[in-house]
Amino acid sequence: KRPPRNIQERIRGLNAAEQQRLARMGDQRDRVVLERTYGKNVWESLLRNPKLTPPEAARIARMGSLPTPLIELIVNNRAWLSAPQVRRALLSNPRLKRDMIMTVLRATPKNELRLMPKQMAYPIHVRQAATKMLK
């Protein structure tokens with residue numbers, strides 16, 4: 001059997017335990033290929049990787065099929081919540097619960113909050129909550 005030629009081949013050959021371990025400890029290249037190859041199977045491990053960057057967290061937060069416990073994991077991470085792209089991704093996710101919406105909106109600067117009620121990219125309940133917070 002010949003050795004893998006590139007990162008995609010190497011990652012495609014991993015068993016489930018190896019996927020999880022690499023997702024928790026891998027570098028950015030590994031994480032990107034893992035997420036593209038295995039998707040939801042590695043989301044939780046990726047979100048538990050201390051090296052995960054805000055753009056990577058935002059890409060996962062945007063997933064409409066992301067389970068609620070993983071959305072909570074992102075919402076409860078102050079470093080990610082301070083990134084505008086992560087907040088936008090979370091607020092556009094249809095699975096975001098009302099209490100989590102309020103947590104994200106509280107972390108949003110006033111100037112961004114003022115724009116939200118007019119932005120159709122957000123679901124109506126997010127726009128209404130933003131309006132209520134501004135009053």
# chains A, B, ... in the order shown; residues from 1 in each chain; ligands from 1
call {"tool": "residues_around", "arguments": {"residues": "range 68-74 of chain A", "least_positions_apart": "4", "cutoff": "10 Å", "atoms": "only C-alpha atoms", "output": "list in words"}}
result
Trp43, Glu44, Leu47, Arg48, Pro54, Ala57, Ala58, Ile60, Ala61, Arg62, Met63, Arg78, Ala79, Trp80, Leu81, Val86, Arg87, Leu90, Asn93, Arg95, Leu96, Lys97 and Met100 of chain A
call {"tool": "residues_around", "arguments": {"residues": "Ala17 in chain A", "least_positions_apart": "5", "cutoff": "12 Å", "atoms": "only C-alpha atoms", "output": "ChimeraX atom specification"}}
result
/A:11,22-24,41-42,45
call {"tool": "closest_residue", "arguments": {"among": "A:Ile7, A:Ala130, A:Val104, A:Ala89", "to": "Met116 in chain A", "atoms": "only C-alpha atoms"}}
result
A:Ala130
call {"tool": "atom_distance", "arguments": {"atom1": "CA of Met25 in chain A", "atom2": "CA of Pro55 in chain A"}}
result
17.3 Å
call {"tool": "select_by_dssp", "arguments": {"residues": "chain A", "states": "alpha helix (DSSP H)", "output": "ChimeraX atom specification"}}
result
/A:7-12,16-25,28-38,43-47,54-61,68-75,78-81,84-92,98-106,110-115,124-134
call {"tool": "closest_residue", "arguments": {"among": "A:Leu14, A:Gly26, A:Met120, A:Arg114", "to": "Leu134 in chain A", "atoms": "only C-alpha atoms"}}
result
A:Arg114
call {"tool": "residues_around", "arguments": {"residues": "Pro94 in chain A", "least_positions_apart": "5", "cutoff": "9 Å", "atoms": "only C-alpha atoms", "output": "list of chain:residue names"}}
result
A:Gly64, A:Ser65, A:Pro123
call {"tool": "write_last_selection", "arguments": {"atoms": "N, CA and C atoms", "output": "CSV table (one decimal), in the first residue's frame"}}
result
chain,number,residue,atom,x,y,z
A,64,GLY,N,-27.2,25.5,9.1
A,64,GLY,CA,-28.6,25.4,9.6
A,64,GLY,C,-28.9,24.1,10.2
A,65,SER,N,-28.0,23.1,10.0
A,65,SER,CA,-28.3,21.8,10.7
A,65,SER,C,-27.5,21.6,11.9
A,123,PRO,N,-33.6,36.6,10.5
A,123,PRO,CA,-35.0,36.2,10.7
A,123,PRO,C,-35.7,37.3,11.4
call {"tool": "closest_residue", "arguments": {"among": "A:Arg29, A:Arg106, A:Arg10, A:Arg59", "to": "Lys132 in chain A", "atoms": "only C-alpha atoms"}}
result
A:Arg106
call {"tool": "atom_distance", "arguments": {"atom1": "CA of Glu18 in chain A", "atom2": "CA of Arg36 in chain A"}}
result
15.9 Å
call {"tool": "closest_residue", "arguments": {"among": "A:Leu66, A:Ile124, A:Val33, A:Met133", "to": "Thr108 in chain A", "atoms": "only C-alpha atoms"}}
result
A:Met133
call {"tool": "atom_distance", "arguments": {"atom1": "CA of Arg31 in chain A", "atom2": "CA of Pro67 in chain A"}}
result
19.2 Å
call {"tool": "closest_residue", "arguments": {"among": "A:Glu56, A:Thr37, A:Pro50, A:Ser92", "to": "Tyr122 in chain A", "atoms": "only C-alpha atoms"}}
result
A:Ser92
call {"tool": "residues_around", "arguments": {"residues": "Glu112 in chain A", "least_positions_apart": "5", "cutoff": "10 Å", "atoms": "only C-alpha atoms", "output": "count of residues only"}}
result
4
